[in-house]
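What follows is a single structure, written as structure tokens, with notes after it.
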Amino acid sequence: MSSLPHSARVQAFQGDDPMMGLARQGPSGRVGTRGGDGGSGPTDGDEQRGRVSPKTDHLEPEALEDVVIRFAGDSGDGMQLVGDRFTDVSAAFGNDLATMPNFPAEIRAPAGTIAGVSSFQVHISDHDIVTPGDMPSVLVAMNPAALHANIAELEPGGTLLVNSDAFDERNLHKVGYQASPLEDGSLVAYRVIQVPMTSITLEAAKPLGVKPREAERSKNFFALGLLSWMYTRPIDPTVAWIEERFAKRETVLAANLAAFKAGYHFGETAELMENSYEVAPARLEPGRYRNITGNLALAYGLVAASQQSRLPLLYASYPITPASDILHELSKHKNFGVRTLQAEDEIAAIGVAIGAAFTGQLGVTATSGPGVDLKSEGMGLAISLELPLLIVDVQRGGPSTGLPTKTEQADLLLAMYGRHGEAPLPIVAARSPSHCFDAAFEAARIAIKYRTPVILLTDGYVANGAEPWLLPDVTALADISVPFASEPNHDGEFWPYLRDPETLARPWAIPGTPGLMHRIGGIEKEDGTGNVNYDPANHEHMVHVRAEKIARIARELPDVAVDDPDGASLLVLGWGSTWGAIQQGARQAREQGTNVATAHLMHLNPFPSNLGEVLARYERVLIPEMNLGQLSRLVRAEFLVDARTLSKVQGVPFRASEVEAAIEEMSR
Amino acid sequence: MSDDTSTATLSRKDFQSDQEIRWCPGCGDYSILAAVQLLLPDLGVKPENLVFVSGIGCAARFPYYMNVYGLHGIHGRAPAIATGVALARPDLDVWVIGGDGDMFSIGGNHLIHALRRNVNLTILMFNNQIYGLTKGQYSPTSEVGKVTKSSPFGSLDTPFNPISVTLGAEATFVARTHDLDRKHMVETFRRAHDHHGAAFVEVYQNCNVFNDGAFGAITNKEHRAEMLIELHDGEPIRFGADAELGVALNRFGECEIVTVADVGVDRLLVHDEHRGDPTLAFALSRLADRPTMPTPIGVFRDVARPTYEGEVQRQLVGAADRQGPGDLEALVGSGATWTVD
Ligand code: SF4
């Protein structure tokens, strides 16, 4: 761009207008070892308010170890889009990163209200990180509602970048601000940068002939451009991305591009800060990486399991937040022989998957908590039929509709016990976005080998969060295929419940196989023949056999690994998505000199064989869970261990500092 | 079963399983089972390629008595489970068996969606207008005022007309038959089986324990001529001992019974199974709202529409043609990637 349509404003901006509210403080983000003055933490903002540095040549970007940025705006403002984009650029740049989207359940809550605020947090780093960060050090607030909803979480001394155009009386009033927080001194703890993003965007788009109403919607790209400058993100990939993504809508493309560039140049020109910042690429394990969300990794894991089991994948599900993206993704991959069916309801979805399993395919259904309730009867049937089946539960806040877009881990006991009768099934949980690939593959492996339904637990946080993924060597993936029955197995007859003596799995004889015709159903059957049988002793035998089959899976599970560098007496045990916060919390505690051990469970049923022995080694056990203590109950019941729960049920993941504080507390 | 999979030598016995049949003596289900087992050897389908799926109820025990692949599922879900079977394996010949409670109450949703999708299923719904397995409560097809254990003062629920419902659900094949006419059953089931897509057959079935004689007024031999209106494609709709009665449209487009001598043959409705628009078939289904009035039987509708699994298959093949076979390595490495040395 040769000329900056907002140059006039930039001039004005550099005047002594106190309204600009520019309080310079230390850089936002953790200062690295390779530069920077290290000045961080809150300073007296009032004193510095309005002070703008004289125009000098820009200094070299200042190096930061990491930074946590949160984009927040109205749900119509496109915060997820620009957050994603910032993430992808950072990933390709080589940072380690983790993200946390947070959006309202309503597609378009009334504009400008707290209910309509959507945010996207991204943590980028020059070293290995495991969480999206506890508190952002940079908050982009596109309107008063976004400010109101997020300011409490901004790190003291952090940078607040606001779209000052949106702070008019109407918008302020909508969220109950009596006076503008930009003017009433309430933000002194932060470095406030006010930018009239809407008006600059409109001006940038004016020469392109874009209607103001349309151009106004590009302001998120202005914010992205500005952040791209602040954190020295390469701009070419984003320009190319905008051109591709909006290729079919010429004016939108032009407006977005103009806004993006205007934002970038604004940063360069406007002297908002002395310098920009740089977060160098992380020193990660060598290999090829991509950025991936949990739902995407899970979909890939299913495709991989289909290929490595040589079973076509049939995926049936009913749209539900936050699981629908798995259906969207798999429906694209028909060239892998993946059949997807959007069922009439949750019950049909599992029924369709069971039908597919009966015919010798990999039947999978995914849902979230409310759908699991409905699928209970289908799971019971699959347990009785002893067919492979995979049920994915992307957990969200409950009960009932609960918090559809927020995360929770409160379905563990539902997965464990949520069926009538004695109906055990294996449970596998994913600990991070990229781990969803491995967890899906493992869950499918168990289902196929043992001819049992398996529940795979993820949650809204890992499903929508993203992180770099060291691409797996797909040629090295295990062969998880099993043979179908092809011959009669009992005196010239075929007995559908004559079990493998090792695994107790029954033979899988699929329709189309001559001579093996058989009937199976949900009525209790005689072991061996599979004939309907109501005999008391047989029922008791079958209940025990079904339980034993699941229990025996533990024989081949790897031991749970314990990370205990210093011989601690406190063990933090976790499962699922709390992994990152636990790892980071433990790191921080160790940095403070506190000894602590960690262990994380991928298999929740059965538990790894050594879990009891591991628990017995520690004086104290702490289990952080986004529920009221569900794993704690299981562990207490199974191992008579006095495990303590660290509970959080706010629809958002643990902060590492919360885990750290609990560790310190229990170490006292 | 031997490994010999030629179908020419198959007989009824080849389709009978070794399981003891546990329906009440005299139940209409026996004659339906016999009709199916009589028909199957004729169809040229290998037993190992047949799959019978059912839900819960007396009728749903059906697969246990068939020497083919069978899945006795859960209440109401048979059409969904069968959809999975057919979608996964379009090479299989899939039948769904259930009763009026199974398919029109607890499983109503699955039935209508299997029909609208036009999954290649042969669906037999045994309508006995009662809950048999749970020992006699009114069903979604029971008449208003029916006194049962759960409706001592008479049921208040307006019943479904299964033919009307399925026509409304975009079914491509809809027919009705009854358990006292084996030949009619066999021919109707054959037509349903040969239909490419979802075929729905309502079978009036006598539950002699809890609802004996529910259809006697129309299905008993002595009443049939006057009370059953046999539909024949391309022919004027006539019935009665001397074909003296017929069906004509009134000025509202509704069907009504007429005396042929009064109106003349030309005014009779000529049955057309293949009309794309289901309006006339629907009008026929409304002729009788309970089995005590002259009731049409036979094929109401038989139209061609691509099957669901066929279209899914077409998309799979198309995708493989366009994109080549799936490459897992390329898939996981799609989008922006970067290398750390
Ligand atoms: S209860 Fe009725 S429908 Fe059920 S088996 Fe007995 S007679 Fe047949």
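Every chain in the structure tokens takes a letter, A first, then B, and so on in the order presented; its residues are numbered from 1, and the ligands are numbered from 1 following the presented order.
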Contacts of Glu329 in chain B at 9 Å (only C-alpha atoms; same-chain gap of 6+ positions) as a PyMOL selection string: chain A and resi 471-475
Selection: 9 Å around Leu457 in chain A, only C-alpha atoms, excl. self and same-chain fewer than 3 positions, as a PDB file with all heavy atoms, in the first residue's frame:
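out_7.pdb was written with the following content:
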ATOM      1  N   ILE A 391     -17.928 -44.525  20.541  1.00  0.00           N
ATOM      2  CA  ILE A 391     -18.805 -43.409  20.887  1.00  0.00           C
ATOM      3  C   ILE A 391     -17.916 -42.287  21.411  1.00  0.00           C
ATOM      4  O   ILE A 391     -17.222 -42.461  22.412  1.00  0.00           O
ATOM      5  CB  ILE A 391     -19.821 -43.796  21.984  1.00  0.00           C
ATOM      6  CG1 ILE A 391     -20.676 -44.976  21.528  1.00  0.00           C
ATOM      7  CG2 ILE A 391     -20.713 -42.619  22.345  1.00  0.00           C
ATOM      8  CD1 ILE A 391     -20.277 -46.287  22.140  1.00  0.00           C
ATOM      9  N   VAL A 392     -17.932 -41.158  20.731  1.00  0.00           N
ATOM     10  CA  VAL A 392     -17.119 -40.024  21.156  1.00  0.00           C
ATOM     11  C   VAL A 392     -18.015 -39.053  21.915  1.00  0.00           C
ATOM     12  O   VAL A 392     -19.084 -38.680  21.424  1.00  0.00           O
ATOM     13  CB  VAL A 392     -16.503 -39.298  19.936  1.00  0.00           C
ATOM     14  CG1 VAL A 392     -15.650 -38.127  20.400  1.00  0.00           C
ATOM     15  CG2 VAL A 392     -15.691 -40.269  19.082  1.00  0.00           C
ATOM     16  N   ASP A 393     -17.581 -38.662  23.095  1.00  0.00           N
ATOM     17  CA  ASP A 393     -18.309 -37.657  23.875  1.00  0.00           C
ATOM     18  C   ASP A 393     -17.409 -36.433  24.020  1.00  0.00           C
ATOM     19  O   ASP A 393     -16.443 -36.455  24.764  1.00  0.00           O
ATOM     20  CB  ASP A 393     -18.681 -38.239  25.251  1.00  0.00           C
ATOM     21  CG  ASP A 393     -19.367 -37.207  26.162  1.00  0.00           C
ATOM     22  OD1 ASP A 393     -19.650 -36.088  25.698  1.00  0.00           O
ATOM     23  OD2 ASP A 393     -19.614 -37.544  27.342  1.00  0.00           O
ATOM     24  N   VAL A 394     -17.737 -35.396  23.258  1.00  0.00           N
ATOM     25  CA  VAL A 394     -17.028 -34.128  23.402  1.00  0.00           C
ATOM     26  C   VAL A 394     -17.763 -33.379  24.517  1.00  0.00           C
ATOM     27  O   VAL A 394     -18.787 -32.738  24.281  1.00  0.00           O
ATOM     28  CB  VAL A 394     -17.026 -33.316  22.088  1.00  0.00           C
ATOM     29  CG1 VAL A 394     -16.187 -32.057  22.243  1.00  0.00           C
ATOM     30  CG2 VAL A 394     -16.504 -34.161  20.934  1.00  0.00           C
ATOM     31  N   GLN A 395     -17.250 -33.499  25.716  1.00  0.00           N
ATOM     32  CA  GLN A 395     -17.990 -33.026  26.892  1.00  0.00           C
ATOM     33  C   GLN A 395     -18.162 -31.508  26.908  1.00  0.00           C
ATOM     34  O   GLN A 395     -17.291 -30.762  26.460  1.00  0.00           O
ATOM     35  CB  GLN A 395     -17.263 -33.440  28.170  1.00  0.00           C
ATOM     36  CG  GLN A 395     -17.100 -34.933  28.326  1.00  0.00           C
ATOM     37  CD  GLN A 395     -16.081 -35.235  29.408  1.00  0.00           C
ATOM     38  OE1 GLN A 395     -16.442 -35.439  30.559  1.00  0.00           O
ATOM     39  NE2 GLN A 395     -14.806 -35.218  29.047  1.00  0.00           N
ATOM     40  N   GLN A 409     -15.694 -31.624  32.425  1.00  0.00           N
ATOM     41  CA  GLN A 409     -15.294 -33.040  32.393  1.00  0.00           C
ATOM     42  C   GLN A 409     -16.248 -33.863  33.247  1.00  0.00           C
ATOM     43  O   GLN A 409     -15.826 -34.821  33.874  1.00  0.00           O
ATOM     44  CB  GLN A 409     -13.893 -33.201  32.993  1.00  0.00           C
ATOM     45  CG  GLN A 409     -12.746 -32.716  32.147  1.00  0.00           C
ATOM     46  CD  GLN A 409     -11.431 -32.975  32.873  1.00  0.00           C
ATOM     47  OE1 GLN A 409     -11.220 -32.491  33.975  1.00  0.00           O
ATOM     48  NE2 GLN A 409     -10.554 -33.754  32.259  1.00  0.00           N
ATOM     49  N   ASP A 411     -18.708 -35.868  32.563  1.00  0.00           N
ATOM     50  CA  ASP A 411     -19.370 -37.068  32.036  1.00  0.00           C
ATOM     51  C   ASP A 411     -18.595 -38.346  32.315  1.00  0.00           C
ATOM     52  O   ASP A 411     -18.898 -39.396  31.758  1.00  0.00           O
ATOM     53  CB  ASP A 411     -19.561 -36.958  30.509  1.00  0.00           C
ATOM     54  CG  ASP A 411     -20.507 -35.827  30.120  1.00  0.00           C
ATOM     55  OD1 ASP A 411     -21.113 -35.221  31.025  1.00  0.00           O
ATOM     56  OD2 ASP A 411     -20.627 -35.554  28.914  1.00  0.00           O
ATOM     57  N   LEU A 412     -17.577 -38.271  33.167  1.00  0.00           N
ATOM     58  CA  LEU A 412     -16.777 -39.478  33.407  1.00  0.00           C
ATOM     59  C   LEU A 412     -17.619 -40.589  34.031  1.00  0.00           C
ATOM     60  O   LEU A 412     -17.596 -41.740  33.575  1.00  0.00           O
ATOM     61  CB  LEU A 412     -15.570 -39.152  34.297  1.00  0.00           C
ATOM     62  CG  LEU A 412     -14.698 -40.348  34.695  1.00  0.00           C
ATOM     63  CD1 LEU A 412     -14.167 -41.080  33.470  1.00  0.00           C
ATOM     64  CD2 LEU A 412     -13.536 -39.911  35.581  1.00  0.00           C
ATOM     65  N   ALA A 415     -20.033 -41.960  31.555  1.00  0.00           N
ATOM     66  CA  ALA A 415     -19.390 -42.922  30.653  1.00  0.00           C
ATOM     67  C   ALA A 415     -19.184 -44.247  31.365  1.00  0.00           C
ATOM     68  O   ALA A 415     -19.369 -45.325  30.797  1.00  0.00           O
ATOM     69  CB  ALA A 415     -18.052 -42.368  30.170  1.00  0.00           C
ATOM     70  N   ILE A 427     -13.057 -46.941  28.521  1.00  0.00           N
ATOM     71  CA  ILE A 427     -13.090 -45.484  28.363  1.00  0.00           C
ATOM     72  C   ILE A 427     -11.668 -44.978  28.115  1.00  0.00           C
ATOM     73  O   ILE A 427     -10.748 -45.332  28.839  1.00  0.00           O
ATOM     74  CB  ILE A 427     -13.649 -44.796  29.622  1.00  0.00           C
ATOM     75  CG1 ILE A 427     -15.051 -45.336  29.950  1.00  0.00           C
ATOM     76  CG2 ILE A 427     -13.697 -43.280  29.440  1.00  0.00           C
ATOM     77  CD1 ILE A 427     -15.554 -44.909  31.320  1.00  0.00           C
ATOM     78  N   VAL A 428     -11.544 -44.171  27.084  1.00  0.00           N
ATOM     79  CA  VAL A 428     -10.261 -43.571  26.728  1.00  0.00           C
ATOM     80  C   VAL A 428     -10.462 -42.055  26.724  1.00  0.00           C
ATOM     81  O   VAL A 428     -11.534 -41.585  26.329  1.00  0.00           O
ATOM     82  CB  VAL A 428      -9.813 -44.050  25.321  1.00  0.00           C
ATOM     83  CG1 VAL A 428      -8.547 -43.332  24.864  1.00  0.00           C
ATOM     84  CG2 VAL A 428      -9.590 -45.567  25.318  1.00  0.00           C
ATOM     85  N   ALA A 429      -9.461 -41.297  27.156  1.00  0.00           N
ATOM     86  CA  ALA A 429      -9.601 -39.838  27.165  1.00  0.00           C
ATOM     87  C   ALA A 429      -8.402 -39.166  26.508  1.00  0.00           C
ATOM     88  O   ALA A 429      -7.270 -39.616  26.661  1.00  0.00           O
ATOM     89  CB  ALA A 429      -9.755 -39.331  28.603  1.00  0.00           C
ATOM     90  N   ALA A 430      -8.683 -38.096  25.791  1.00  0.00           N
ATOM     91  CA  ALA A 430      -7.618 -37.336  25.115  1.00  0.00           C
ATOM     92  C   ALA A 430      -7.178 -36.192  26.011  1.00  0.00           C
ATOM     93  O   ALA A 430      -7.998 -35.550  26.661  1.00  0.00           O
ATOM     94  CB  ALA A 430      -8.128 -36.793  23.792  1.00  0.00           C
ATOM     95  N   ALA A 439      -5.702 -40.810  20.712  1.00  0.00           N
ATOM     96  CA  ALA A 439      -6.769 -41.350  21.540  1.00  0.00           C
ATOM     97  C   ALA A 439      -7.843 -42.012  20.672  1.00  0.00           C
ATOM     98  O   ALA A 439      -8.363 -43.068  21.019  1.00  0.00           O
ATOM     99  CB  ALA A 439      -7.375 -40.239  22.396  1.00  0.00           C
ATOM    100  N   GLY A 576      -7.605 -36.526  30.846  1.00  0.00           N
ATOM    101  CA  GLY A 576      -8.204 -35.632  29.855  1.00  0.00           C
ATOM    102  C   GLY A 576      -7.517 -34.289  29.785  1.00  0.00           C
ATOM    103  O   GLY A 576      -6.311 -34.159  29.991  1.00  0.00           O
TER     104      GLY A 576
END
d(CA of Ala283 in chain B, CA of Thr295 in chain B) in Å: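 Distance between the two atoms: 12.1 Å.
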Exercise: His148 in chain A partners within 9 Å, only C-alpha atoms, chain neighbours under 6 positions left out, as a ChimeraX atom specification: /A:114,141,175,177
Resulting file, chosen residues, N, CA, C and O atoms, as a PDB file, in the first residue's frame:
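Written file, selection-v2.pdb:
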ATOM      1  N   ILE A 114     -23.103  -8.299  26.726  1.00  0.00           N
ATOM      2  CA  ILE A 114     -22.133  -9.220  27.330  1.00  0.00           C
ATOM      3  C   ILE A 114     -22.380 -10.640  26.802  1.00  0.00           C
ATOM      4  O   ILE A 114     -21.442 -11.387  26.536  1.00  0.00           O
ATOM      5  N   ALA A 141     -10.034  -5.479  22.698  1.00  0.00           N
ATOM      6  CA  ALA A 141     -11.461  -5.359  22.998  1.00  0.00           C
ATOM      7  C   ALA A 141     -12.115  -4.502  21.921  1.00  0.00           C
ATOM      8  O   ALA A 141     -11.815  -3.318  21.801  1.00  0.00           O
ATOM      9  N   VAL A 175     -23.915  -2.249  28.488  1.00  0.00           N
ATOM     10  CA  VAL A 175     -23.259  -3.118  29.462  1.00  0.00           C
ATOM     11  C   VAL A 175     -23.181  -2.464  30.839  1.00  0.00           C
ATOM     12  O   VAL A 175     -22.492  -2.958  31.725  1.00  0.00           O
ATOM     13  N   TYR A 177     -22.089   0.562  31.825  1.00  0.00           N
ATOM     14  CA  TYR A 177     -21.045   1.517  32.210  1.00  0.00           C
ATOM     15  C   TYR A 177     -21.697   2.881  32.364  1.00  0.00           C
ATOM     16  O   TYR A 177     -22.348   3.374  31.444  1.00  0.00           O
TER      17      TYR A 177
END
At most 8 Å to chain B: residues in chain A, only C-alpha atoms, as an NGL selection string: :A and (88 or 91-94 or 283-291 or 300 or 303-304 or 314 or 333-339 or 344 or 347-349 or 351-356 or 358-359 or 361 or 377-378 or 381 or 471 or 473-474 or 511-522)
Hey, can you spit out that residue selection with C-alpha atoms as a PDB file, in the first residue's frame?
ATOM      1  CA  ASP A  88      -1.836 -20.228  11.902  1.00  0.00           C
ATOM      2  CA  ALA A  91       2.391 -21.861  13.902  1.00  0.00           C
ATOM      3  CA  ALA A  92       3.933 -21.585  10.471  1.00  0.00           C
ATOM      4  CA  PHE A  93       6.447 -19.136  11.919  1.00  0.00           C
ATOM      5  CA  GLY A  94       7.541 -21.903  14.248  1.00  0.00           C
ATOM      6  CA  ARG A 283      12.963 -25.183  19.838  1.00  0.00           C
ATOM      7  CA  LEU A 284      10.643 -28.085  19.355  1.00  0.00           C
ATOM      8  CA  GLU A 285      11.453 -31.687  18.596  1.00  0.00           C
ATOM      9  CA  PRO A 286      12.663 -31.912  15.004  1.00  0.00           C
ATOM     10  CA  GLY A 287      10.131 -32.921  12.400  1.00  0.00           C
ATOM     11  CA  ARG A 288       7.267 -31.630  10.351  1.00  0.00           C
ATOM     12  CA  TYR A 289       4.528 -29.765  12.149  1.00  0.00           C
ATOM     13  CA  ARG A 290       1.094 -28.390  11.537  1.00  0.00           C
ATOM     14  CA  ASN A 291      -1.365 -26.609  13.711  1.00  0.00           C
ATOM     15  CA  TYR A 300      -7.909 -37.856  11.290  1.00  0.00           C
ATOM     16  CA  VAL A 303      -9.541 -42.164   9.244  1.00  0.00           C
ATOM     17  CA  ALA A 304      -6.206 -43.636  10.325  1.00  0.00           C
ATOM     18  CA  LEU A 314     -19.115 -45.331   8.819  1.00  0.00           C
ATOM     19  CA  HIS A 333     -13.117 -37.422   3.018  1.00  0.00           C
ATOM     20  CA  LYS A 334     -15.230 -39.654   0.864  1.00  0.00           C
ATOM     21  CA  ASN A 335     -12.219 -40.665  -1.177  1.00  0.00           C
ATOM     22  CA  PHE A 336     -11.069 -42.578   1.906  1.00  0.00           C
ATOM     23  CA  GLY A 337     -14.270 -44.595   1.635  1.00  0.00           C
ATOM     24  CA  VAL A 338     -15.676 -42.733   4.645  1.00  0.00           C
ATOM     25  CA  ARG A 339     -19.458 -42.821   4.761  1.00  0.00           C
ATOM     26  CA  GLU A 344     -32.516 -37.900  12.453  1.00  0.00           C
ATOM     27  CA  ILE A 347     -30.490 -42.589  18.939  1.00  0.00           C
ATOM     28  CA  ALA A 348     -30.589 -43.229  15.214  1.00  0.00           C
ATOM     29  CA  ALA A 349     -26.952 -42.205  14.932  1.00  0.00           C
ATOM     30  CA  GLY A 351     -28.247 -47.385  15.708  1.00  0.00           C
ATOM     31  CA  VAL A 352     -26.777 -46.750  12.268  1.00  0.00           C
ATOM     32  CA  ALA A 353     -23.258 -47.232  13.641  1.00  0.00           C
ATOM     33  CA  ILE A 354     -24.305 -50.517  15.263  1.00  0.00           C
ATOM     34  CA  GLY A 355     -25.803 -51.700  11.986  1.00  0.00           C
ATOM     35  CA  ALA A 356     -22.544 -50.909  10.226  1.00  0.00           C
ATOM     36  CA  PHE A 358     -22.720 -55.816  12.427  1.00  0.00           C
ATOM     37  CA  THR A 359     -21.752 -55.875   8.764  1.00  0.00           C
ATOM     38  CA  GLN A 361     -17.306 -51.876   9.335  1.00  0.00           C
ATOM     39  CA  GLU A 377     -29.708 -47.813  25.167  1.00  0.00           C
ATOM     40  CA  GLY A 378     -27.650 -48.204  21.999  1.00  0.00           C
ATOM     41  CA  LEU A 381     -27.251 -53.119  22.960  1.00  0.00           C
ATOM     42  CA  LEU A 471       3.059 -35.132  12.277  1.00  0.00           C
ATOM     43  CA  ASP A 473       4.758 -41.239  10.648  1.00  0.00           C
ATOM     44  CA  VAL A 474       1.641 -42.830   9.269  1.00  0.00           C
ATOM     45  CA  PRO A 511     -23.292 -61.004   6.659  1.00  0.00           C
ATOM     46  CA  GLY A 512     -22.345 -62.332   3.264  1.00  0.00           C
ATOM     47  CA  THR A 513     -20.283 -65.135   4.798  1.00  0.00           C
ATOM     48  CA  PRO A 514     -21.750 -68.493   3.739  1.00  0.00           C
ATOM     49  CA  GLY A 515     -22.496 -71.002   6.449  1.00  0.00           C
ATOM     50  CA  LEU A 516     -22.164 -68.621   9.387  1.00  0.00           C
ATOM     51  CA  MET A 517     -25.672 -67.209   9.466  1.00  0.00           C
ATOM     52  CA  HIS A 518     -26.621 -66.387  13.030  1.00  0.00           C
ATOM     53  CA  ARG A 519     -28.967 -64.219  15.017  1.00  0.00           C
ATOM     54  CA  ILE A 520     -27.925 -61.910  17.803  1.00  0.00           C
ATOM     55  CA  GLY A 521     -29.893 -59.517  19.930  1.00  0.00           C
ATOM     56  CA  GLY A 522     -30.237 -57.649  23.164  1.00  0.00           C
TER      57      GLY A 522
END
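For ligand 1, the neighbouring protein, DNA and RNA residues, which are those within 7 Å when only C-alpha atoms and all ligand atoms are counted, are Trp23, Cys24, Gly26, Cys27, Gly28, Asp29, Cys58, Ala59, Asn128, Gly132, Leu133, Lys135, Asn206, Cys207, Asn208, Val209 and Phe210 of chain B.
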Best match for closeness to Glu524 in chain A among A:Pro608, A:Gly460, A:Gly421, A:Pro212, counting only C-alpha atoms: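 Of A:Pro608, A:Gly460, A:Gly421, A:Pro212, the one nearest Glu524 in chain A is A:Gly421, counting only C-alpha atoms.
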Thr158 in chain B environment, 9 Å, only C-alpha atoms, sequence neighbours closer than 4 positions dropped, as a ChimeraX atom specification: /B:140-144
